[in-house]
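K.L.:
run.cif is reproduced below (mmCIF, C-alpha atoms).
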data_entry
loop_
_atom_site.label_atom_id
_atom_site.label_comp_id
_atom_site.auth_asym_id
_atom_site.auth_seq_id
_atom_site.Cartn_x
_atom_site.Cartn_y
_atom_site.Cartn_z
CA MET T 18 10.37 6.45 17.04
CA LYS T 19 7.47 4.06 17.62
CA VAL T 20 4.04 5.48 16.74
CA VAL T 21 0.90 4.04 18.34
CA LEU T 22 -2.67 4.83 17.34
CA GLU T 23 -5.24 3.89 19.97
CA HIS T 24 -8.93 3.66 19.00
CA LEU T 25 -8.52 6.62 16.66
CA THR T 26 -11.76 8.04 15.23
CA LYS T 27 -12.29 11.13 13.11
CA ARG T 28 -15.74 12.45 12.19
CA PHE T 29 -16.49 15.38 9.91
CA PRO T 30 -19.85 17.22 9.88
CA GLY T 31 -22.14 16.01 7.11
CA ARG T 32 -22.92 18.50 4.34
CA ASN T 33 -25.92 16.73 2.88
CA LYS T 34 -29.02 18.80 3.67
CA LYS T 35 -31.22 15.70 3.78
CA ASP T 36 -28.79 13.57 5.76
CA LYS T 37 -26.91 15.59 8.37
CA ASN T 38 -25.16 12.62 9.97
CA ASP T 39 -21.42 12.97 10.51
CA VAL T 40 -19.03 11.47 7.98
CA VAL T 41 -16.76 8.94 9.69
CA ALA T 42 -13.41 9.19 7.91
CA VAL T 43 -11.49 7.02 10.39
CA ASN T 44 -13.36 4.51 12.53
CA ASP T 45 -11.85 3.13 15.78
CA MET T 46 -8.42 2.45 14.30
CA SER T 47 -5.69 0.91 16.43
CA PHE T 48 -2.26 -0.19 15.26
CA GLU T 49 1.42 0.27 16.03
CA ILE T 50 4.11 1.57 13.67
CA PRO T 51 7.40 -0.01 14.79
CA ASP T 52 10.44 2.15 15.42
CA GLY T 53 12.57 2.70 12.33
CA LYS T 54 10.25 0.88 9.93
CA LEU T 55 8.59 1.97 6.69
CA VAL T 56 4.84 1.40 6.87
CA GLY T 57 2.62 1.53 3.79
CA LEU T 58 -0.86 2.88 4.49
CA LEU T 59 -2.86 1.35 1.67
CA GLY T 60 -6.42 1.49 0.38
CA PRO T 61 -8.69 2.86 -2.35
CA SER T 62 -9.31 6.59 -2.76
CA GLY T 63 -11.55 7.94 -0.02
CA CYS T 64 -10.77 5.21 2.51
CA GLY T 65 -9.26 7.62 5.08
CA LYS T 66 -5.53 7.17 4.46
CA SER T 67 -4.68 10.87 4.20
CA THR T 68 -6.90 11.65 7.20
CA VAL T 69 -4.84 9.21 9.29
CA LEU T 70 -1.68 10.95 8.09
CA ASN T 71 -3.12 14.37 8.98
CA LEU T 72 -4.04 13.06 12.43
CA ILE T 73 -0.51 11.76 13.00
CA CYS T 74 1.10 15.07 12.00
CA GLY T 75 -1.46 17.23 13.86
CA LEU T 76 -3.20 18.92 10.93
CA GLU T 77 -6.42 17.25 12.13
CA THR T 78 -7.61 16.62 15.68
CA PRO T 79 -9.11 13.20 16.45
CA THR T 80 -12.72 13.01 17.56
CA GLU T 81 -11.82 10.06 19.78
CA GLY T 82 -8.69 8.11 20.65
CA ARG T 83 -5.09 9.16 21.07
CA ILE T 84 -1.70 9.16 19.32
CA LEU T 85 1.59 8.30 20.99
CA PHE T 86 5.14 8.91 19.78
CA GLY T 87 7.09 6.47 21.91
CA ASP T 88 5.69 7.05 25.40
CA ASP T 89 4.67 10.65 24.67
CA ASP T 90 0.98 11.40 24.13
CA VAL T 91 0.99 13.91 21.25
CA THR T 92 -2.78 13.91 20.62
CA ALA T 93 -3.18 17.57 21.62
CA LEU T 94 0.29 18.72 20.58
CA PRO T 95 0.46 21.26 17.69
CA PRO T 96 2.13 20.09 14.46
CA GLU T 97 5.26 22.20 14.88
CA ARG T 98 6.04 20.50 18.21
CA ARG T 99 5.60 16.91 17.07
CA GLY T 100 8.87 16.62 15.18
CA VAL T 101 7.35 15.30 11.97
CA GLY T 102 8.43 15.80 8.37
CA LEU T 103 5.64 15.87 5.79
CA VAL T 104 6.02 15.38 2.03
CA PHE T 105 2.95 16.34 -0.01
CA GLN T 106 1.62 14.81 -3.22
CA ASN T 107 2.18 18.04 -5.16
CA TYR T 108 5.66 18.72 -3.64
CA ALA T 109 4.54 22.15 -2.24
CA LEU T 110 7.88 23.81 -3.02
CA TYR T 111 8.29 27.59 -3.02
CA PRO T 112 8.60 28.42 -6.76
CA HIS T 113 10.49 31.68 -6.21
CA LEU T 114 13.18 30.05 -4.05
CA THR T 115 16.15 27.96 -5.18
CA VAL T 116 16.61 24.36 -4.09
CA ARG T 117 19.09 25.56 -1.47
CA GLN T 118 16.58 28.06 -0.07
CA ASN T 119 13.72 25.56 -0.10
CA ILE T 120 15.73 23.06 1.96
CA LEU T 121 17.01 25.75 4.33
CA PHE T 122 13.55 27.20 4.93
CA PRO T 123 12.52 24.92 7.88
CA LEU T 124 15.85 25.55 9.61
CA GLN T 125 15.58 29.33 9.18
CA ASN T 126 12.25 29.28 11.01
CA LEU T 127 13.60 27.64 14.16
CA ARG T 128 13.35 29.87 17.20
CA GLY T 129 14.70 30.01 20.74
CA ASP T 130 17.08 27.25 21.86
CA ALA T 131 16.52 25.39 18.58
CA LYS T 132 17.88 28.24 16.46
CA LEU T 133 21.00 27.33 14.47
CA SER T 134 23.95 29.27 13.14
CA LYS T 135 24.28 29.86 9.38
CA GLU T 136 27.22 27.46 9.25
CA VAL T 137 25.27 24.63 10.91
CA MET T 138 22.23 25.25 8.72
CA GLU T 139 24.40 25.12 5.60
CA GLU T 140 25.99 21.88 6.78
CA LYS T 141 22.60 20.25 7.46
CA MET T 142 21.24 21.46 4.12
CA LEU T 143 24.18 19.94 2.23
CA GLU T 144 23.82 16.67 4.15
CA ALA T 145 20.14 16.42 3.22
CA ALA T 146 20.88 17.31 -0.42
CA ARG T 147 23.57 14.63 -0.65
CA LEU T 148 21.24 12.06 0.88
CA VAL T 149 18.69 12.54 -1.93
CA GLN T 150 21.47 13.10 -4.51
CA ILE T 151 20.57 16.64 -5.63
CA GLU T 152 23.64 18.53 -4.38
CA GLN T 153 24.44 19.57 -7.97
CA LEU T 154 21.00 21.26 -8.33
CA LEU T 155 21.13 23.64 -5.37
CA ASP T 156 21.00 26.84 -7.44
CA ARG T 157 18.03 25.81 -9.59
CA LYS T 158 14.44 26.79 -8.99
CA PRO T 159 11.60 24.23 -8.96
CA GLY T 160 10.37 25.27 -12.42
CA GLU T 161 13.74 24.29 -13.88
CA MET T 162 13.55 20.70 -12.57
CA SER T 163 11.78 17.46 -13.42
CA GLY T 164 9.02 16.03 -11.25
CA GLY T 165 11.34 13.43 -9.76
CA GLN T 166 13.92 16.07 -8.88
CA GLN T 167 11.27 18.26 -7.25
CA GLN T 168 10.12 15.30 -5.19
CA ARG T 169 13.66 14.77 -3.96
CA VAL T 170 13.83 18.41 -2.90
CA ALA T 171 10.58 17.98 -0.96
CA ILE T 172 12.01 14.91 0.79
CA ALA T 173 15.25 16.73 1.62
CA ARG T 174 13.27 19.63 3.08
CA ALA T 175 11.30 17.20 5.26
CA LEU T 176 14.47 15.41 6.44
CA VAL T 177 16.67 18.42 7.12
CA LYS T 178 15.28 18.92 10.64
CA VAL T 179 15.87 15.21 11.41
CA PRO T 180 12.20 14.44 12.15
CA ARG T 181 11.07 11.77 14.58
CA VAL T 182 8.55 10.59 11.99
CA LEU T 183 8.50 11.09 8.20
CA LEU T 184 5.08 11.19 6.51
CA LEU T 185 4.70 10.78 2.73
CA ASP T 186 1.27 11.51 1.23
CA GLU T 187 1.09 9.75 -2.16
CA PRO T 188 4.47 11.23 -3.14
CA LEU T 189 4.75 9.37 -6.47
CA SER T 190 1.32 9.89 -8.00
CA ASN T 191 2.43 12.81 -10.19
CA LEU T 192 5.35 10.91 -11.75
CA ASP T 193 5.44 8.76 -14.89
CA ALA T 194 5.80 4.97 -14.56
CA ARG T 195 9.59 4.78 -14.99
CA LEU T 196 10.20 7.68 -12.60
CA ARG T 197 7.81 6.20 -10.03
CA LEU T 198 9.87 3.02 -9.93
CA GLN T 199 13.14 4.92 -9.60
CA THR T 200 11.84 7.31 -6.94
CA ARG T 201 10.26 4.62 -4.77
CA GLU T 202 13.61 2.80 -4.74
CA GLU T 203 15.22 6.07 -3.66
CA ILE T 204 12.68 6.53 -0.87
CA ARG T 205 13.46 3.04 0.40
CA ARG T 206 17.20 3.72 0.28
CA ILE T 207 16.82 7.04 2.11
CA GLN T 208 14.62 5.48 4.78
CA ARG T 209 17.14 2.71 5.42
CA GLU T 210 20.05 5.14 5.59
CA THR T 211 18.31 7.52 8.01
CA GLY T 212 16.42 4.91 10.05
CA VAL T 213 13.54 7.37 10.52
CA THR T 214 10.10 5.88 11.13
CA THR T 215 8.18 6.47 7.91
CA VAL T 216 4.51 6.31 6.90
CA PHE T 217 3.94 6.06 3.14
CA VAL T 218 0.36 6.67 1.96
CA THR T 219 -0.64 5.22 -1.40
CA HIS T 220 -3.54 3.60 -3.26
CA ASP T 221 -1.07 1.66 -5.42
CA GLN T 222 -0.69 -1.79 -3.87
CA GLU T 223 2.40 -2.59 -5.95
CA GLU T 224 4.17 0.48 -4.55
CA ALA T 225 3.24 -0.35 -0.98
CA MET T 226 4.21 -4.02 -1.22
CA SER T 227 7.55 -3.33 -2.92
CA ILE T 228 9.07 -0.97 -0.33
CA SER T 229 7.15 -1.39 2.94
CA ASP T 230 8.23 -3.36 5.99
CA VAL T 231 4.58 -3.45 7.08
CA ILE T 232 1.38 -2.61 5.21
CA VAL T 233 -1.89 -1.38 6.73
CA VAL T 234 -4.90 -2.00 4.50
CA MET T 235 -7.93 0.28 4.96
CA LYS T 236 -11.48 0.37 3.62
CA ASP T 237 -14.11 3.04 4.43
CA GLY T 238 -12.11 4.29 7.41
CA VAL T 239 -11.76 0.83 8.95
CA LEU T 240 -8.53 -1.10 9.31
CA GLN T 241 -8.87 -4.38 7.41
CA GLN T 242 -5.50 -6.04 8.00
CA THR T 243 -1.93 -5.25 8.92
CA GLY T 244 1.27 -7.26 8.53
CA LYS T 245 4.30 -7.89 6.34
CA PRO T 246 3.34 -7.41 2.67
CA GLN T 247 3.91 -10.98 1.53
CA GLU T 248 2.17 -12.40 4.60
CA VAL T 249 -0.93 -10.28 3.97
CA TYR T 250 -0.90 -11.28 0.31
CA ASN T 251 -0.60 -14.99 1.10
CA ASP T 252 -2.98 -14.95 4.06
CA PRO T 253 -5.74 -12.32 3.56
CA ASP T 254 -8.31 -11.91 6.32
CA ASN T 255 -11.19 -11.12 3.97
CA LEU T 256 -12.23 -10.90 0.33
CA PHE T 257 -11.58 -7.15 0.12
CA VAL T 258 -7.91 -7.57 1.09
CA ALA T 259 -7.54 -10.55 -1.24
CA LYS T 260 -8.99 -8.59 -4.18
CA PHE T 261 -7.11 -5.37 -3.42
CA LEU T 262 -3.65 -6.97 -3.32
CA GLY T 263 -2.14 -8.61 -6.36
CA THR T 264 -1.46 -7.91 -10.04
CA PRO T 265 -3.21 -9.48 -11.88
CA PRO T 266 -5.93 -9.54 -9.22
CA ILE T 267 -7.24 -12.69 -7.60
CA ASN T 268 -9.78 -14.67 -9.63
CA VAL T 269 -13.13 -15.01 -7.83
CA PHE T 270 -15.69 -17.79 -8.34
CA ASP T 271 -18.97 -19.02 -6.89
CA GLY T 272 -18.25 -22.33 -5.21
CA SER T 273 -19.45 -24.82 -2.64
CA VAL T 274 -18.23 -27.55 -0.33
CA LYS T 275 -19.92 -30.95 -0.33
CA ASN T 276 -18.72 -33.83 1.82
CA GLY T 277 -15.19 -32.46 2.09
CA THR T 278 -14.81 -31.61 -1.60
CA LEU T 279 -14.52 -28.07 -2.94
CA PHE T 280 -16.48 -27.38 -6.10
CA VAL T 281 -16.00 -24.42 -8.43
CA GLY T 282 -19.32 -24.40 -10.20
CA GLU T 283 -19.75 -28.07 -11.11
CA ASP T 284 -16.01 -28.87 -11.13
CA ALA T 285 -14.64 -30.74 -8.10
CA VAL T 286 -11.19 -29.16 -7.71
CA MET T 287 -9.76 -30.21 -4.32
CA LYS T 288 -10.35 -32.01 -1.04
CA VAL T 289 -10.74 -29.77 2.02
CA GLU T 290 -11.00 -30.49 5.73
CA GLY T 291 -12.65 -28.55 8.53
CA VAL T 292 -15.24 -26.75 6.38
CA ALA T 293 -19.00 -27.13 6.69
CA ASP T 294 -20.99 -27.96 3.60
CA GLY T 295 -22.54 -24.96 1.88
CA PRO T 296 -21.91 -22.14 -0.61
CA TYR T 297 -18.63 -20.20 -0.56
CA THR T 298 -16.84 -17.53 -2.53
CA VAL T 299 -13.62 -19.02 -3.91
CA GLY T 300 -10.56 -16.87 -4.55
CA ILE T 301 -7.76 -18.33 -6.68
CA ARG T 302 -4.51 -16.41 -7.20
CA PRO T 303 -3.28 -16.16 -10.82
CA GLU T 304 -0.14 -18.13 -9.96
CA ALA T 305 -2.20 -21.03 -8.53
CA PHE T 306 -3.09 -22.43 -11.96
CA ARG T 307 -1.14 -25.24 -13.63
CA VAL T 308 -2.06 -26.51 -17.08
CA ARG T 309 -2.81 -30.23 -17.19
CA GLU T 310 -4.74 -32.26 -19.76
CA ASP T 311 -6.82 -33.99 -17.11
CA GLY T 312 -7.03 -30.99 -14.76
CA PRO T 313 -10.28 -30.77 -12.75
CA LEU T 314 -11.00 -27.07 -13.47
CA ARG T 315 -12.34 -26.81 -17.01
CA CYS T 316 -12.26 -23.33 -18.57
CA ALA T 317 -13.11 -21.91 -21.98
CA LEU T 318 -9.91 -20.61 -23.55
CA GLU T 319 -9.99 -16.99 -24.74
CA THR T 320 -6.38 -16.09 -25.54
CA VAL T 321 -2.76 -16.69 -24.58
CA GLU T 322 -0.58 -13.65 -23.82
CA VAL T 323 3.16 -14.33 -23.95
CA MET T 324 5.17 -11.79 -21.95
CA GLY T 325 8.77 -12.98 -21.88
CA ARG T 326 9.37 -15.21 -18.87
CA ASP T 327 5.69 -15.64 -18.01
CA THR T 328 2.56 -16.40 -19.99
CA THR T 329 -0.95 -15.28 -19.11
CA ILE T 330 -3.81 -17.55 -20.11
CA VAL T 331 -7.09 -15.67 -20.37
CA SER T 332 -10.15 -17.90 -20.02
CA THR T 333 -13.71 -17.97 -18.72
CA HIS T 334 -15.81 -20.23 -16.49
CA ARG T 335 -19.52 -20.38 -15.77
CA ALA T 336 -18.95 -19.83 -12.04
CA MET T 337 -16.53 -16.91 -12.30
CA GLN T 338 -17.25 -13.46 -10.92
CA GLY T 339 -15.82 -10.88 -13.29
CA VAL T 340 -14.99 -10.52 -16.96
CA SER T 341 -12.32 -13.20 -17.30
CA ILE T 342 -9.85 -15.48 -15.53
CA ARG T 343 -6.19 -14.57 -15.72
CA SER T 344 -3.77 -17.42 -15.01
CA VAL T 345 -0.02 -16.71 -14.88
CA ILE T 346 2.22 -19.68 -15.70
CA GLY T 347 5.80 -20.16 -16.82
CA ALA T 348 6.26 -19.80 -20.56
CA GLU T 349 7.57 -23.39 -20.82
CA TYR T 350 4.26 -24.75 -19.47
CA ALA T 351 2.15 -22.89 -22.04
CA GLU T 352 3.29 -24.92 -25.04
CA GLY T 353 0.43 -26.84 -26.58
CA VAL T 354 -2.29 -24.67 -25.04
CA GLY T 355 -4.92 -24.10 -27.69
CA GLY T 356 -8.37 -25.04 -28.89
CA ASP T 357 -11.58 -24.15 -27.12
CA GLU T 358 -10.80 -25.52 -23.65
CA VAL T 359 -7.96 -25.34 -21.17
CA ARG T 360 -7.84 -27.45 -18.00
CA PHE T 361 -6.05 -26.64 -14.77
CA TYR T 362 -5.12 -28.22 -11.50
CA LEU T 363 -4.58 -25.87 -8.58
CA LYS T 364 -1.85 -25.13 -6.04
CA THR T 365 -3.81 -25.54 -2.82
CA ALA T 366 -1.91 -22.84 -0.87
CA LYS T 367 -3.12 -20.20 -3.34
CA VAL T 368 -6.82 -21.07 -3.02
CA HIS T 369 -8.91 -19.19 -0.42
CA LEU T 370 -12.51 -19.53 0.76
CA PHE T 371 -14.68 -16.62 1.90
CA ASP T 372 -18.11 -16.32 3.42
CA PRO T 373 -20.38 -15.19 0.55
CA GLU T 374 -22.30 -12.79 2.81
CA SER T 375 -19.66 -11.15 5.03
CA GLY T 376 -16.59 -11.69 2.84
CA GLU T 377 -14.66 -12.97 5.87
CA ARG T 378 -12.03 -15.64 5.27
CA VAL T 379 -13.04 -19.24 5.98
CA ARG T 380 -9.87 -21.12 6.82
CA PHE T 381 -9.44 -24.76 5.96
CA THR T 382 -6.91 -27.53 5.66
CA ALA T 383 -6.26 -28.59 2.08
CA ALA T 384 -6.12 -32.33 1.96
CA GLU T 385 -5.15 -32.57 -1.71
CA ALA T 386 -5.73 -31.12 -5.14
CA LEU T 387 -7.74 -33.34 -7.48
#
Kindly transcribe the structure held in the file into structure tokens.
P.N.:
Amino acid sequence: MKVVLEHLTKRFPGRNKKDKNDVVAVNDMSFEIPDGKLVGLLGPSGCGKSTVLNLICGLETPTEGRILFGDDDVTALPPERRGVGLVFQNYALYPHLTVRQNILFPLQNLRGDAKLSKEVMEEKMLEAARLVQIEQLLDRKPGEMSGGQQQRVAIARALVKVPRVLLLDEPLSNLDARLRLQTREEIRRIQRETGVTTVFVTHDQEEAMSISDVIVVMKDGVLQQTGKPQEVYNDPDNLFVAKFLGTPPINVFDGSVKNGTLFVGEDAVMKVEGVADGPYTVGIRPEAFRVREDGPLRCALETVEVMGRDTTIVSTHRAMQGVSIRSVIGAEYAEGVGGDEVRFYLKTAKVHLFDPESGERVRFTAAEAL
């Protein structure tokens, strides 16, 4: 089921006695969720992600704009008639009911022509339980299960009615690190097996990038960029997106362009074409750095962190914005790094320029690294 948001805006009344202006949680948002894809709705806390999810499922009514499921305008349709499955952050299971009863609950509330026989309900319940691999836990109650198992029950309950759209609101935030990894892989497997269009809300960019077909990056209720995860990472539209995606995060410097040469501070690091002279914010991905004795970027060495396959060199530079520079290189290239200074040359494809005022990307052609 394709989902289309058209100029979606949601305002809430302001509660500040001095400033009674409305709070704009979602601001003129338009994008399309392709049929059968898993879309990661990504952004910092308070950016409007959950509000978008509530608008899609009908728990909130948009102030402006409309929502379409396929060709059907569902903007004014109540939640129970939209055919959505919703999985909450805190699971929201009934503690006094068994797993079997929790999964059956949505089916038992069907009325009219949609009402099912006990045999059909049992069959659908078992199918959903097998899909999330909890069929052996059907007689347990939520309090007798781990967080990951409870989350699987919540997903099974959302899937049992075969929804047109599955909505997941930060479903992994209550799990420990190992369980988060395991459960997100399970969510991806389930989504592929069912083919249901899925929206996955998270503030964890690693989660979103690892399982999503498409990511939608938000800030302060405004859509910043949408696309395939790796494409957005490699080609950010602005400094916010570049800084939000990536672990370790992008390294940011004060720079300038003079006569076709990009300077980081006083270091001339690469030739660029199609960029006017002037000051720029320079973003350099951690994997862009290569150690070289005569490298043009001269940094003060802080420490070398060896982590198996990769090595992180922590350094500083007069023009950097932030506490330190983190450069990720292969362990074999880190041999001999020591002393007070480390010098790098840069992979040009991993260097980005941004307008220092607006933060918008300034695109250029990299002639060569120096």
K.L.:
For stretch 271-286 of chain T, please output as a list in words all residues within 7 Å (counting all atoms listed in the file; exclusion window: fewer than 6 positions along the same chain).
P.N.:
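Within the cut-off, the hits are Asp294, Gly295, Pro296, Tyr297, Thr298, Val299, Pro313, Leu314, Arg335, Ala336, Met337, Ala386 and Leu387 of chain T.
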K.L.:
Got a sec to resolve the PyMOL selection byres ((chain T and resi 88-95) around 9) on this structure and send the residues as a list of chain:residue names?
P.N.:
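Applied to this file, the PyMOL selection byres ((chain T and resi 88-95) around 9) returns T:Lys19, T:Val20, T:Leu72, T:Ile73, T:Cys74, T:Gly75, T:Leu76, T:Thr78, T:Pro79, T:Gly82, T:Arg83, T:Ile84, T:Leu85, T:Phe86, T:Gly87, T:Pro96, T:Glu97, T:Arg98, T:Arg99.
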K.L.:
Could you write out as a list in words the residues that the PyMOL selection byres ((chain T and resi 46) around 7) matches in the shown file?
P.N.:
Leu22, Glu23, His24, Leu25, Thr26, Val43, Asn44, Asp45, Ser47, Phe48, Val239 and Leu240 of chain T
K.L.:
Show which residues sit within 12 Å of T:Arg147, as a ChimeraX atom specification. Count only C-alpha atoms, and ignore same-chain residues fewer than 6 positions away.
P.N.:
/T:117,120,140-141,153-155,169-170,172-173,176-177,207,210
K.L.:
Counting all atoms listed in the file, which residue out of T:Thr328, T:Gln338, T:Thr115, T:Ser62 sits closest to T:Glu161?
P.N.:
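Among T:Thr328, T:Gln338, T:Thr115, T:Ser62, it is T:Thr115 that comes nearest to T:Glu161.
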K.L.:
Determine, counting only C-alpha atoms, which protein, DNA and RNA residues have an atom within 12 Å of an atom of T:Val231; residues of the same chain fewer than 3 positions away are not included. Present the result as a compact mmCIF listing (two decimals) with C-alpha atoms, keeping the file's coordinate frame.
P.N.:
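Printed below is around_20.txt as written:
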# COMPACT_ATOMS: atom_id res chain seq x y z
CA PHE T 48 -2.26 -0.19 15.26
CA GLU T 49 1.42 0.27 16.03
CA ILE T 50 4.11 1.57 13.67
CA PRO T 51 7.40 -0.01 14.79
CA ASP T 52 10.44 2.15 15.42
CA GLY T 53 12.57 2.70 12.33
CA LYS T 54 10.25 0.88 9.93
CA LEU T 55 8.59 1.97 6.69
CA VAL T 56 4.84 1.40 6.87
CA GLY T 57 2.62 1.53 3.79
CA LEU T 58 -0.86 2.88 4.49
CA LEU T 59 -2.86 1.35 1.67
CA THR T 214 10.10 5.88 11.13
CA THR T 215 8.18 6.47 7.91
CA VAL T 216 4.51 6.31 6.90
CA PHE T 217 3.94 6.06 3.14
CA ALA T 225 3.24 -0.35 -0.98
CA MET T 226 4.21 -4.02 -1.22
CA SER T 227 7.55 -3.33 -2.92
CA ILE T 228 9.07 -0.97 -0.33
CA VAL T 234 -4.90 -2.00 4.50
CA GLN T 242 -5.50 -6.04 8.00
CA THR T 243 -1.93 -5.25 8.92
CA GLY T 244 1.27 -7.26 8.53
CA LYS T 245 4.30 -7.89 6.34
CA PRO T 246 3.34 -7.41 2.67
CA GLN T 247 3.91 -10.98 1.53
CA GLU T 248 2.17 -12.40 4.60
CA VAL T 249 -0.93 -10.28 3.97
CA TYR T 250 -0.90 -11.28 0.31
K.L.:
What does the distance between atom CA of T:Leu183 and atom CA of T:Gln208 come to in Å, to one decimal place?
P.N.:
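A separation of 9.0 Å between them.
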K.L.:
Once the PyMOL selection byres ((chain T and resi 185) around 9) has been evaluated on this model, what residues remain selected, and can you format them as a short mmCIF file (atom, residue, chain, number, x, y, z; two decimals) with C-alpha atoms, keeping the file's coordinate frame?
P.N.:
data_model
loop_
_atom_site.label_atom_id
_atom_site.label_comp_id
_atom_site.auth_asym_id
_atom_site.auth_seq_id
_atom_site.Cartn_x
_atom_site.Cartn_y
_atom_site.Cartn_z
CA LEU T 70 -1.68 10.95 8.09
CA GLY T 102 8.43 15.80 8.37
CA LEU T 103 5.64 15.87 5.79
CA VAL T 104 6.02 15.38 2.03
CA PHE T 105 2.95 16.34 -0.01
CA GLN T 106 1.62 14.81 -3.22
CA ILE T 172 12.01 14.91 0.79
CA LEU T 183 8.50 11.09 8.20
CA LEU T 184 5.08 11.19 6.51
CA ASP T 186 1.27 11.51 1.23
CA GLU T 187 1.09 9.75 -2.16
CA PRO T 188 4.47 11.23 -3.14
CA THR T 215 8.18 6.47 7.91
CA VAL T 216 4.51 6.31 6.90
CA PHE T 217 3.94 6.06 3.14
CA VAL T 218 0.36 6.67 1.96
CA THR T 219 -0.64 5.22 -1.40
#
K.L.:
State, in Å with one decimal place, the distance from atom CA of T:Asn255 to atom CA of T:Phe371.
P.N.:
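If I compute the distance from atom CA of T:Asn255 to atom CA of T:Phe371, I get 6.8 Å.
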K.L.:
Residues within 8 Å of stretch 137-139 of chain T, please, as a VMD selection string. Count all atoms listed in the file; anything in the same chain fewer than 2 positions from it doesn't count.
P.N.:
chain T and resid 121 124 to 125 133 to 135 141 to 143
K.L.:
What's the separation between atom CA of T:Phe29 and atom CA of T:Thr68, in Å to one decimal place?
P.N.:
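That distance, rounded to one decimal, is 10.6 Å.
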K.L.:
Using the atoms already present, construct all heavy atoms for stretch 375-380 of chain T and hand them back as a PDB file, in the frame of the given file.
P.N.:
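So the final result, stored in result_31.pdb, reads:
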ATOM      1  N   SER T 375     -20.515 -12.122   4.321  1.00  0.00           N
ATOM      2  CA  SER T 375     -19.660 -11.150   5.030  1.00  0.00           C
ATOM      3  C   SER T 375     -18.345 -10.885   4.317  1.00  0.00           C
ATOM      4  O   SER T 375     -17.709  -9.851   4.536  1.00  0.00           O
ATOM      5  CB  SER T 375     -19.370 -11.658   6.440  1.00  0.00           C
ATOM      6  OG  SER T 375     -18.555 -12.826   6.403  1.00  0.00           O
ATOM      7  N   GLY T 376     -17.898 -11.827   3.473  1.00  0.00           N
ATOM      8  CA  GLY T 376     -16.590 -11.690   2.840  1.00  0.00           C
ATOM      9  C   GLY T 376     -15.441 -12.108   3.721  1.00  0.00           C
ATOM     10  O   GLY T 376     -14.274 -12.051   3.305  1.00  0.00           O
ATOM     11  N   GLU T 377     -15.725 -12.556   4.959  1.00  0.00           N
ATOM     12  CA  GLU T 377     -14.660 -12.970   5.870  1.00  0.00           C
ATOM     13  C   GLU T 377     -14.041 -14.287   5.411  1.00  0.00           C
ATOM     14  O   GLU T 377     -14.720 -15.150   4.843  1.00  0.00           O
ATOM     15  CB  GLU T 377     -15.184 -13.104   7.296  1.00  0.00           C
ATOM     16  CG  GLU T 377     -15.582 -11.786   7.941  1.00  0.00           C
ATOM     17  CD  GLU T 377     -14.435 -10.800   8.012  1.00  0.00           C
ATOM     18  OE1 GLU T 377     -13.368 -11.178   8.553  1.00  0.00           O
ATOM     19  OE2 GLU T 377     -14.583  -9.667   7.508  1.00  0.00           O
ATOM     20  N   ARG T 378     -12.762 -14.437   5.673  1.00  0.00           N
ATOM     21  CA  ARG T 378     -12.030 -15.640   5.270  1.00  0.00           C
ATOM     22  C   ARG T 378     -12.534 -16.853   6.059  1.00  0.00           C
ATOM     23  O   ARG T 378     -12.759 -16.788   7.263  1.00  0.00           O
ATOM     24  CB  ARG T 378     -10.550 -15.416   5.542  1.00  0.00           C
ATOM     25  CG  ARG T 378      -9.659 -16.618   5.297  1.00  0.00           C
ATOM     26  CD  ARG T 378      -9.131 -16.654   3.891  1.00  0.00           C
ATOM     27  NE  ARG T 378      -8.139 -17.727   3.769  1.00  0.00           N
ATOM     28  CZ  ARG T 378      -6.856 -17.575   4.063  1.00  0.00           C
ATOM     29  NH1 ARG T 378      -6.406 -16.402   4.464  1.00  0.00           N
ATOM     30  NH2 ARG T 378      -6.029 -18.586   3.915  1.00  0.00           N
ATOM     31  N   VAL T 379     -12.708 -17.952   5.359  1.00  0.00           N
ATOM     32  CA  VAL T 379     -13.040 -19.240   5.980  1.00  0.00           C
ATOM     33  C   VAL T 379     -11.816 -20.126   5.813  1.00  0.00           C
ATOM     34  O   VAL T 379     -11.487 -20.559   4.705  1.00  0.00           O
ATOM     35  CB  VAL T 379     -14.273 -19.889   5.303  1.00  0.00           C
ATOM     36  CG1 VAL T 379     -14.569 -21.246   5.945  1.00  0.00           C
ATOM     37  CG2 VAL T 379     -15.479 -18.972   5.401  1.00  0.00           C
ATOM     38  N   ARG T 380     -11.130 -20.381   6.897  1.00  0.00           N
ATOM     39  CA  ARG T 380      -9.870 -21.120   6.820  1.00  0.00           C
ATOM     40  C   ARG T 380     -10.127 -22.624   6.796  1.00  0.00           C
ATOM     41  O   ARG T 380     -11.069 -23.111   7.411  1.00  0.00           O
ATOM     42  CB  ARG T 380      -8.954 -20.721   7.967  1.00  0.00           C
ATOM     43  CG  ARG T 380      -8.654 -19.219   7.931  1.00  0.00           C
ATOM     44  CD  ARG T 380      -7.714 -18.758   9.009  1.00  0.00           C
ATOM     45  NE  ARG T 380      -7.579 -17.302   8.975  1.00  0.00           N
ATOM     46  CZ  ARG T 380      -6.756 -16.648   8.185  1.00  0.00           C
ATOM     47  NH1 ARG T 380      -5.969 -17.329   7.362  1.00  0.00           N
ATOM     48  NH2 ARG T 380      -6.704 -15.332   8.188  1.00  0.00           N
TER      49      ARG T 380
END
